[in-house]
Each structure stands twice: as C-alpha cells, then as structure tokens.
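Shown here: query-v4.txt, compact mmCIF, C-alpha atoms.
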```
# COMPACT_ATOMS: atom_id res chain seq x y z
CA MET M 1387 68.62 84.10 133.04
CA ILE M 1388 68.12 84.73 136.75
CA MET M 1389 69.31 87.38 139.18
CA VAL M 1390 69.62 86.88 142.92
CA GLN M 1391 69.24 90.07 144.95
CA ARG M 1392 70.53 89.42 148.45
CA GLU M 1393 70.54 91.69 151.49
CA PHE M 1394 73.28 91.06 154.07
CA ARG M 1395 73.31 92.32 157.63
CA ILE M 1396 76.88 92.96 158.71
CA ALA M 1397 78.09 94.40 161.99
CA ARG M 1398 79.38 97.94 161.58
CA GLU M 1399 82.96 97.00 162.50
CA HIS M 1400 83.04 94.40 159.70
CA ARG M 1401 81.40 96.36 156.88
CA ALA M 1402 84.60 97.67 155.28
CA THR M 1403 86.22 94.23 155.45
CA PHE M 1404 83.14 92.59 153.93
CA GLU M 1405 83.23 94.96 150.95
CA GLN M 1406 87.00 94.53 150.53
CA GLN M 1407 86.84 90.72 150.60
CA SER M 1408 83.95 90.82 148.15
CA ARG M 1409 85.67 93.27 145.78
CA GLU M 1410 89.07 91.56 145.82
CA GLY M 1411 87.94 87.97 146.26
CA LEU M 1412 84.39 86.75 145.76
CA TRP M 1413 83.24 88.89 142.86
CA PRO M 1414 86.40 88.34 140.74
CA ALA M 1415 86.10 84.60 141.44
CA PHE M 1416 82.52 84.67 140.22
CA LEU M 1417 83.69 86.21 136.93
CA HIS M 1418 85.61 82.95 136.48
CA PHE M 1419 82.30 81.16 137.11
CA GLY M 1420 80.57 83.32 134.48
CA ALA M 1421 78.30 85.00 137.06
CA PRO M 1422 78.70 88.81 137.27
CA MET M 1423 77.80 90.79 140.40
CA VAL M 1424 76.28 93.87 138.77
CA ALA M 1425 75.32 96.13 141.72
CA PHE M 1426 76.41 96.42 145.36
CA GLY M 1427 75.45 99.06 147.88
CA SER M 1428 72.83 100.23 150.36
CA TRP M 1429 69.35 101.67 149.94
CA GLY M 1430 69.56 105.45 149.93
CA PHE M 1431 65.81 106.00 149.57
CA GLY M 1432 62.89 103.58 149.67
CA GLY M 1433 64.49 100.89 151.82
CA PRO M 1434 66.45 100.35 155.05
CA SER M 1435 70.00 101.69 154.91
CA ASP M 1436 71.61 99.09 157.19
CA PRO M 1437 71.85 96.01 154.92
CA PHE M 1438 74.35 95.59 152.10
CA VAL M 1439 72.67 94.53 148.84
CA THR M 1440 74.18 92.47 146.01
CA HIS M 1441 72.77 91.61 142.57
CA THR M 1442 74.38 88.56 140.94
CA VAL M 1443 73.29 87.14 137.58
CA TYR M 1444 73.32 83.50 136.45
CA GLU M 1445 72.50 81.69 133.23
CA ASP M 1446 69.95 79.47 134.98
CA PHE M 1447 69.36 77.59 138.22
CA ALA M 1448 71.89 74.90 137.33
CA HIS M 1449 74.50 77.65 136.99
CA TRP M 1450 73.50 79.13 140.36
CA GLN M 1451 73.70 75.71 142.02
CA ALA M 1452 77.17 75.10 140.60
CA THR M 1453 78.49 78.29 142.22
CA ARG M 1454 77.36 77.36 145.73
CA ALA M 1455 80.06 76.39 148.24
CA GLY M 1456 80.92 72.79 147.43
CA GLY M 1457 79.11 73.02 144.07
CA ALA M 1458 80.30 71.74 140.72
CA MET M 1459 82.49 74.75 139.95
CA TYR M 1460 84.33 74.47 143.24
CA GLN M 1461 84.79 70.76 142.54
CA ASP M 1462 86.20 71.29 139.02
CA PRO M 1463 90.00 71.08 139.48
CA ALA M 1464 90.80 73.54 136.67
CA ILE M 1465 88.30 76.17 137.80
CA ARG M 1466 89.33 75.65 141.42
CA ALA M 1467 92.95 76.33 140.51
CA GLU M 1468 91.91 79.60 138.82
CA ILE M 1469 90.04 80.90 141.86
CA GLU M 1470 92.43 79.75 144.61
CA PRO M 1471 94.07 83.21 144.93
CA PHE M 1472 90.62 84.79 145.32
CA LEU M 1473 89.39 82.09 147.68
CA ALA M 1474 92.28 82.93 149.99
CA VAL M 1475 90.77 86.45 150.26
CA TYR M 1476 87.09 85.59 150.75
CA GLY M 1477 87.21 82.15 152.34
CA LYS M 1478 85.95 83.43 155.71
CA ARG M 1479 83.66 86.17 154.39
CA ASN M 1480 80.47 84.39 155.43
CA GLU M 1481 81.57 84.48 159.07
CA MET M 1482 80.80 88.22 159.04
CA VAL M 1483 77.19 87.69 157.91
CA GLU M 1484 74.69 87.97 160.75
CA SER M 1485 71.74 87.16 158.48
CA SER M 1486 70.67 87.52 154.86
CA GLU M 1487 67.52 87.60 152.77
CA ALA M 1488 67.21 87.02 149.05
CA GLN M 1489 64.82 87.72 146.19
CA LEU M 1490 64.90 85.79 142.91
CA PHE M 1491 64.23 87.47 139.56
CA GLU M 1492 63.89 86.02 136.10
CA LEU M 1493 65.47 88.56 133.74
CA LEU M 1494 63.89 89.25 130.37
CA ASP M 1495 65.92 88.69 127.23
CA GLY M 1496 66.22 91.36 124.59
CA ILE M 1497 66.67 94.26 127.02
CA SER M 1498 68.57 92.94 130.06
CA ARG M 1499 72.29 93.65 129.62
CA PRO M 1500 74.22 91.10 131.73
CA GLN M 1501 75.43 88.04 129.81
CA PRO M 1502 76.16 85.29 132.34
CA PHE M 1503 77.15 81.80 131.22
CA TYR M 1504 78.17 78.53 132.81
CA ARG M 1505 81.89 78.93 132.21
CA ARG M 1506 84.08 75.93 131.46
CA PRO M 1507 87.87 75.75 131.86
CA GLY M 1508 89.62 77.50 128.98
CA GLN M 1509 86.74 79.79 128.11
CA GLN M 1510 87.23 83.55 128.28
CA VAL M 1511 86.71 85.02 131.73
CA LEU M 1512 83.91 87.57 132.00
CA ALA M 1513 84.96 91.21 132.11
CA ALA M 1514 84.05 93.10 135.25
CA PRO M 1515 80.59 94.67 134.73
CA PRO M 1516 80.26 98.38 133.91
CA THR M 1517 79.86 100.85 136.77
CA PHE M 1518 79.66 104.57 137.41
CA GLY M 1519 81.60 103.93 140.60
CA LYS M 1520 81.10 104.40 144.30
CA GLY M 1521 78.37 106.89 145.16
CA SER M 1522 76.46 106.45 141.91
CA ILE M 1523 72.79 105.43 141.88
CA ILE M 1524 70.69 102.53 140.66
CA SER M 1525 66.97 103.15 140.36
CA GLU M 1526 64.94 100.01 141.05
CA ARG M 1527 61.29 100.38 140.09
CA THR M 1528 58.58 97.72 140.38
CA LEU M 1529 55.53 98.28 138.21
CA ALA M 1530 52.17 96.55 138.10
CA LEU M 1531 51.07 96.48 134.46
CA THR M 1532 47.56 96.34 133.09
CA ASP M 1533 46.66 92.97 131.62
CA GLY M 1534 48.18 92.16 128.25
CA THR M 1535 50.53 95.15 128.09
CA ARG M 1536 53.90 93.63 129.04
CA GLU M 1537 55.22 93.33 125.48
CA GLU M 1538 54.22 96.90 124.66
CA PHE M 1539 55.87 98.17 127.86
CA LEU M 1540 59.07 96.33 126.97
CA ARG M 1541 58.98 97.57 123.37
CA VAL M 1542 58.62 101.22 124.37
CA SER M 1543 61.32 100.83 127.03
CA ARG M 1544 63.74 99.09 124.66
CA ASP M 1545 63.16 101.22 121.57
CA THR M 1546 62.60 104.72 122.99
CA VAL M 1547 62.84 105.30 126.74
CA TRP M 1548 66.09 103.49 127.57
CA PRO M 1549 67.96 104.78 124.48
CA TRP M 1550 67.07 108.36 125.42
CA LEU M 1551 68.09 107.84 129.05
CA GLU M 1552 71.42 106.48 127.85
CA THR M 1553 72.01 109.57 125.70
CA GLN M 1554 71.58 111.52 128.96
CA GLY M 1555 74.37 109.58 130.65
CA GLY M 1556 72.37 106.74 132.23
CA ARG M 1557 72.97 103.02 131.80
CA GLY M 1558 70.36 100.29 131.52
CA ILE M 1559 70.92 97.11 133.50
CA ALA M 1560 67.92 94.79 133.42
CA ILE M 1561 64.19 94.20 133.48
CA GLY M 1562 62.85 91.15 135.27
CA HIS M 1563 60.04 89.48 137.13
CA ASN M 1564 60.21 88.60 140.82
CA LEU M 1565 59.47 84.89 140.91
CA MET M 1566 58.07 85.34 144.43
CA GLY M 1567 56.07 88.42 143.45
CA MET M 1568 52.80 89.31 141.75
CA SER M 1569 52.35 87.87 138.26
CA ASN M 1570 51.53 91.27 136.70
CA GLU M 1571 54.61 93.04 138.10
CA ILE M 1572 57.98 93.65 136.51
CA THR M 1573 61.05 95.36 137.96
CA THR M 1574 63.53 97.60 136.18
CA TRP M 1575 67.10 98.53 137.17
CA PHE M 1576 68.73 101.59 135.65
CA ALA M 1577 71.98 103.26 136.71
CA PHE M 1578 72.73 106.99 136.95
CA PRO M 1579 75.95 108.80 137.92
CA SER M 1580 74.19 110.77 140.66
CA TYR M 1581 70.89 111.53 142.39
CA ALA M 1582 70.71 114.77 140.42
CA GLU M 1583 70.94 112.98 137.07
CA TRP M 1584 68.29 110.47 138.12
CA HIS M 1585 65.93 113.24 139.23
CA ARG M 1586 66.44 115.27 136.06
CA CYS M 1587 65.61 112.28 133.87
CA THR M 1588 62.40 111.46 135.72
CA ARG M 1589 60.80 114.42 133.92
CA PRO M 1590 61.72 114.20 130.23
CA ALA M 1591 59.50 117.15 129.30
CA THR M 1592 61.52 119.52 131.49
CA ALA M 1593 64.79 117.77 130.55
CA HIS M 1594 64.29 118.94 126.94
CA ALA M 1595 63.68 115.44 125.57
CA PRO M 1596 62.42 115.20 121.98
CA GLN M 1597 58.62 115.11 121.71
CA PRO M 1598 58.53 111.43 120.62
CA VAL M 1599 60.36 110.54 123.85
CA VAL M 1600 57.94 112.60 125.94
CA ASP M 1601 55.03 110.94 124.17
CA ALA M 1602 56.55 107.50 124.78
CA TYR M 1603 56.91 108.25 128.50
CA TYR M 1604 53.24 109.22 128.75
CA ALA M 1605 52.15 106.19 126.72
CA ARG M 1606 54.22 103.85 128.86
CA ALA M 1607 52.87 105.39 132.05
CA GLY M 1608 49.38 104.62 130.79
CA LEU M 1609 50.21 100.89 130.89
CA VAL M 1610 51.03 101.01 134.61
CA ARG M 1611 48.44 100.46 137.34
CA HIS M 1612 50.76 101.43 140.17
CA GLN M 1613 54.47 101.41 141.00
CA ARG M 1614 56.99 101.69 143.79
CA GLY M 1615 60.70 102.37 143.76
CA ARG M 1616 63.99 102.36 145.66
CA LEU M 1617 67.36 103.98 145.04
CA LEU M 1618 70.52 101.96 145.66
CA VAL M 1619 73.70 103.89 146.41
CA ILE M 1620 76.67 102.00 144.98
CA GLY M 1621 79.18 101.22 147.73
CA THR M 1622 82.16 99.79 145.84
CA GLU M 1623 84.60 100.52 143.03
CA PHE M 1624 84.29 96.95 141.72
CA GLY M 1625 83.66 96.93 137.99
CA THR M 1626 84.79 98.67 134.82
CA ARG M 1627 84.34 102.44 135.05
CA VAL M 1628 82.24 103.96 132.28
```
Could the structure of this file be written out as structure tokens, please?
Amino acid sequence: MIMVQREFRIAREHRATFEQQSREGLWPAFLHFGAPMVAFGSWGFGGPSDPFVTHTVYEDFAHWQATRAGGAMYQDPAIRAEIEPFLAVYGKRNEMVESSEAQLFELLDGISRPQPFYRRPGQQVLAAPPTFGKGSIISERTLALTDGTREEFLRVSRDTVWPWLETQGGRGIAIGHNLMGMSNEITTWFAFPSYAEWHRCTRPATAHAPQPVVDAYYARAGLVRHQRGRLLVIGTEFGTRV
C-alpha cells in the first residue's frame, strides 16, 4: 500500500475553485478507482502555508499508474462511464496548478487505516474517508528509530498509544516509510478535532492518562533518536464526518 503526498502551488485567485473541483469532482472519481484522498489542507505549523497538500492512497504502484490521466481506469469503458459526471467538474483542474512536488510513502499494514483497492466495474465504491471537517488538524511526525526497534515501536503504537488517543477523540490514519527518505525513519499521521486537542494529548501524564499509557509513551520515546513534525490544517469538508 502506498500513499502519495503532493504539494500544489495554486494562485490565490484559483484556490477556492481548485478545492471545489477537487471536492466535487476528482476525489469522488477516485473513490470509484478505489483510491481515497485522506487529507487535504495547508501546513499550519512546521511547513510553508502557501501550498495545498493532498494525501491519496493506492493498493500498489500498478493501481497508481492506472489512475493517471490516460491510464487503464480512464480507458475502461464501464469505469469511464461512472466518472464522466465528475470528470466534467475536474477536467481542467490541472490548468490551475503552477507547480507540484510529491513524496512517496509505503504504508505499514496492521495499523494504517485506509483500505485502497484496484476497483473493477461492479465492485462496491469506496465510502468517503472519515474526517473531523474543515479546520481540524492532522499531526504528521517523522521519527528516526534506533536500530532494530521498528516492530516494538509499531506494537506499542498499535496496542496502547493509538487506542488511548482515540478514546480522547483523536483518529489514527497511517504509519509509513518515505521511500525517498532515511531507512531508519517512519512517519505517522494522526487526526485531531483541533489544535487544543492535539496539544493536550501530547502530554498524557497531564491529560490524566492511565499509568500504563504514560509508561508506554515513555518507553516508545526511548526508541526514538530524533523526530520532527508538522501540523496540517484540513481545508475541505470532503469526507464522512465523524
């Protein structure tokens, strides 16, 4: 499973139209392809605020290739017929893009939540991905792990840290490895309804977490050599509100 994170530079006068054509056209069409766009917005902290950022998930590279303009899914008559109403909305969307830059992540099974698949005609269309809505936050954190600790980091995240965060109103999205990045680094994406909720949950001891959760946080932190983070502010109502 792969995720493409792409930053788009759009002139200010076209930004609202770009989001609208994406929300009403491209992203619904991609649900028919089996490829959910799970996060769209701008960097609020930790990155430049001018680009729009998308995160779209695919089963594999063959799936990604099939969704490119002129790819196999556009050539399939049945799928093409399904997306024609959406294509009429987003057909000229790329004309608004001044430039773009992409990162490619391999998402880790067993904890990453999106479930993309190479959809064939007649198969159920993907539901729109969950969202806290416009103005909510996604914390992206890239961590360099000490040698041989990846599985333990994932275990503690999956079994203790993420379940507690979700009891506090957060929502896990994915953990992955940047295929153009350092081999010992992994990146996590976790959604919160607001900055305040994100900040409160960064300190489980003062957020009245159970002691096993606090202990798990400290143990997991001990596996990390260094880390860096960014906060994405969601800029669309696309998705299923949770």
- Item | Residue nearest Ala1514 of chain M - candidates M:Met1459, M:Ala1421, M:Ala1530, M:Ile1465, atoms counted: all atoms listed in the file | M:Ala1421
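For the choices M:Pro1502, M:Pro1507, M:Gly1521, M:Pro1434, the atom-to-atom distance to Tyr1460 of chain M is smallest for M:Pro1507 when using only C-alpha atoms.
Nearest to Pro1516 of chain M of all the residues M:Trp1584, M:Phe1438, M:Phe1578, M:Phe1503 is M:Phe1578, based on only C-alpha atoms.
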- Item | Within 7 Å of Asp1446 of chain M using only C-alpha atoms, minus same-chain residues under 3 positions, as a ChimeraX atom specification | /M:1387-1388,1449-1450
Hey, which bits of segment 1551-1582 of chain M sit within 9 Å of segment 1485-1501 of chain M, and for each residue what's the closest pair of atoms and how far apart in Å (one decimal), counting only C-alpha atoms, rows by chain and increasing number, as a tab-separated table?
```
residue	atom	partner	partner_atom	distance
M:Gly1558	CA	M:Arg1499	CA	7.2
M:Ile1559	CA	M:Arg1499	CA	5.4
M:Ala1560	CA	M:Ser1498	CA	3.9
M:Ile1561	CA	M:Ser1498	CA	5.7
M:Gly1562	CA	M:Leu1493	CA	4.0
M:His1563	CA	M:Phe1491	CA	5.2
M:Asn1564	CA	M:Phe1491	CA	4.4
M:Leu1565	CA	M:Phe1491	CA	5.6
M:Met1566	CA	M:Leu1490	CA	7.0
M:Thr1573	CA	M:Phe1491	CA	8.7
```
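Nearest to Thr1622 of chain M of all the residues M:Gln1461, M:Val1483, M:Thr1517, M:Gln1510 is M:Thr1517, counting all atoms listed in the file.
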- Message: From the options M:Phe1472, M:Phe1426, M:Ala1602, M:Leu1529, which residue's atoms come nearest to Met1568 of chain M, counting all atoms listed in the file?
- Response: M:Leu1529
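Considering all atoms listed in the file, the residue among M:Val1443, M:Leu1618, M:Ala1577, M:Val1547 positioned nearest to Pro1598 of chain M is M:Val1547.
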- Task: Please indicate the distance in Å from atom CA of Glu1484 of chain M to atom CA of Ile1396 of chain M, rounded to one decimal place.
- Result: 5.8 Å
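Residues lying within 12 Å of (80.1, 88.2, 157.5). Counted over all atoms listed in the file, they are M:Glu1393, M:Phe1394, M:Arg1395, M:Ile1396, M:Ala1397, M:Arg1398, M:Glu1399, M:His1400, M:Arg1401, M:Ala1402, M:Thr1403, M:Phe1404, M:Glu1405, M:Gln1406, M:Gln1407, M:Ser1408, M:Pro1437, M:Phe1438, M:Tyr1476, M:Gly1477, M:Lys1478, M:Arg1479, M:Asn1480, M:Glu1481, M:Met1482, M:Val1483, M:Glu1484, M:Ser1485, M:Ser1486.
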Would you mind putting N, CA, C and O atoms back on segment 1432-1443 of chain M and writing the result as a PDB file, in the frame of the given file?
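Printed below is out.pdb as written:
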```
ATOM      1  N   GLY M1432      63.860 104.624 149.971  1.00  0.00           N
ATOM      2  CA  GLY M1432      62.890 103.580 149.670  1.00  0.00           C
ATOM      3  C   GLY M1432      63.122 102.261 150.354  1.00  0.00           C
ATOM      4  O   GLY M1432      62.318 101.337 150.196  1.00  0.00           O
ATOM      5  N   GLY M1433      64.200 102.134 151.127  1.00  0.00           N
ATOM      6  CA  GLY M1433      64.490 100.890 151.820  1.00  0.00           C
ATOM      7  C   GLY M1433      65.400 101.156 153.005  1.00  0.00           C
ATOM      8  O   GLY M1433      65.963 102.246 153.147  1.00  0.00           O
ATOM      9  N   PRO M1434      65.588 100.165 153.883  1.00  0.00           N
ATOM     10  CA  PRO M1434      66.450 100.350 155.050  1.00  0.00           C
ATOM     11  C   PRO M1434      67.909 100.503 154.634  1.00  0.00           C
ATOM     12  O   PRO M1434      68.385  99.817 153.731  1.00  0.00           O
ATOM     13  N   SER M1435      68.619 101.397 155.309  1.00  0.00           N
ATOM     14  CA  SER M1435      70.000 101.690 154.910  1.00  0.00           C
ATOM     15  C   SER M1435      71.016 100.735 155.516  1.00  0.00           C
ATOM     16  O   SER M1435      72.185 100.734 155.095  1.00  0.00           O
ATOM     17  N   ASP M1436      70.610  99.908 156.498  1.00  0.00           N
ATOM     18  CA  ASP M1436      71.610  99.090 157.190  1.00  0.00           C
ATOM     19  C   ASP M1436      72.099  97.884 156.412  1.00  0.00           C
ATOM     20  O   ASP M1436      73.269  97.525 156.545  1.00  0.00           O
ATOM     21  N   PRO M1437      71.285  97.173 155.593  1.00  0.00           N
ATOM     22  CA  PRO M1437      71.850  96.010 154.920  1.00  0.00           C
ATOM     23  C   PRO M1437      72.686  96.390 153.692  1.00  0.00           C
ATOM     24  O   PRO M1437      72.441  97.415 153.048  1.00  0.00           O
ATOM     25  N   PHE M1438      73.688  95.562 153.384  1.00  0.00           N
ATOM     26  CA  PHE M1438      74.350  95.590 152.100  1.00  0.00           C
ATOM     27  C   PHE M1438      73.503  94.783 151.121  1.00  0.00           C
ATOM     28  O   PHE M1438      72.890  93.775 151.506  1.00  0.00           O
ATOM     29  N   VAL M1439      73.496  95.195 149.856  1.00  0.00           N
ATOM     30  CA  VAL M1439      72.670  94.530 148.840  1.00  0.00           C
ATOM     31  C   VAL M1439      73.554  94.162 147.655  1.00  0.00           C
ATOM     32  O   VAL M1439      74.297  95.007 147.144  1.00  0.00           O
ATOM     33  N   THR M1440      73.480  92.906 147.214  1.00  0.00           N
ATOM     34  CA  THR M1440      74.180  92.470 146.010  1.00  0.00           C
ATOM     35  C   THR M1440      73.166  92.015 144.963  1.00  0.00           C
ATOM     36  O   THR M1440      72.048  91.618 145.282  1.00  0.00           O
ATOM     37  N   HIS M1441      73.575  92.073 143.699  1.00  0.00           N
ATOM     38  CA  HIS M1441      72.770  91.610 142.570  1.00  0.00           C
ATOM     39  C   HIS M1441      73.690  90.774 141.686  1.00  0.00           C
ATOM     40  O   HIS M1441      74.574  91.332 141.026  1.00  0.00           O
ATOM     41  N   THR M1442      73.506  89.464 141.684  1.00  0.00           N
ATOM     42  CA  THR M1442      74.380  88.560 140.940  1.00  0.00           C
ATOM     43  C   THR M1442      73.547  87.789 139.928  1.00  0.00           C
ATOM     44  O   THR M1442      72.459  87.293 140.249  1.00  0.00           O
ATOM     45  N   VAL M1443      74.070  87.664 138.699  1.00  0.00           N
ATOM     46  CA  VAL M1443      73.290  87.140 137.580  1.00  0.00           C
ATOM     47  C   VAL M1443      73.873  85.804 137.135  1.00  0.00           C
ATOM     48  O   VAL M1443      75.099  85.635 137.032  1.00  0.00           O
TER      49      VAL M1443
END
```
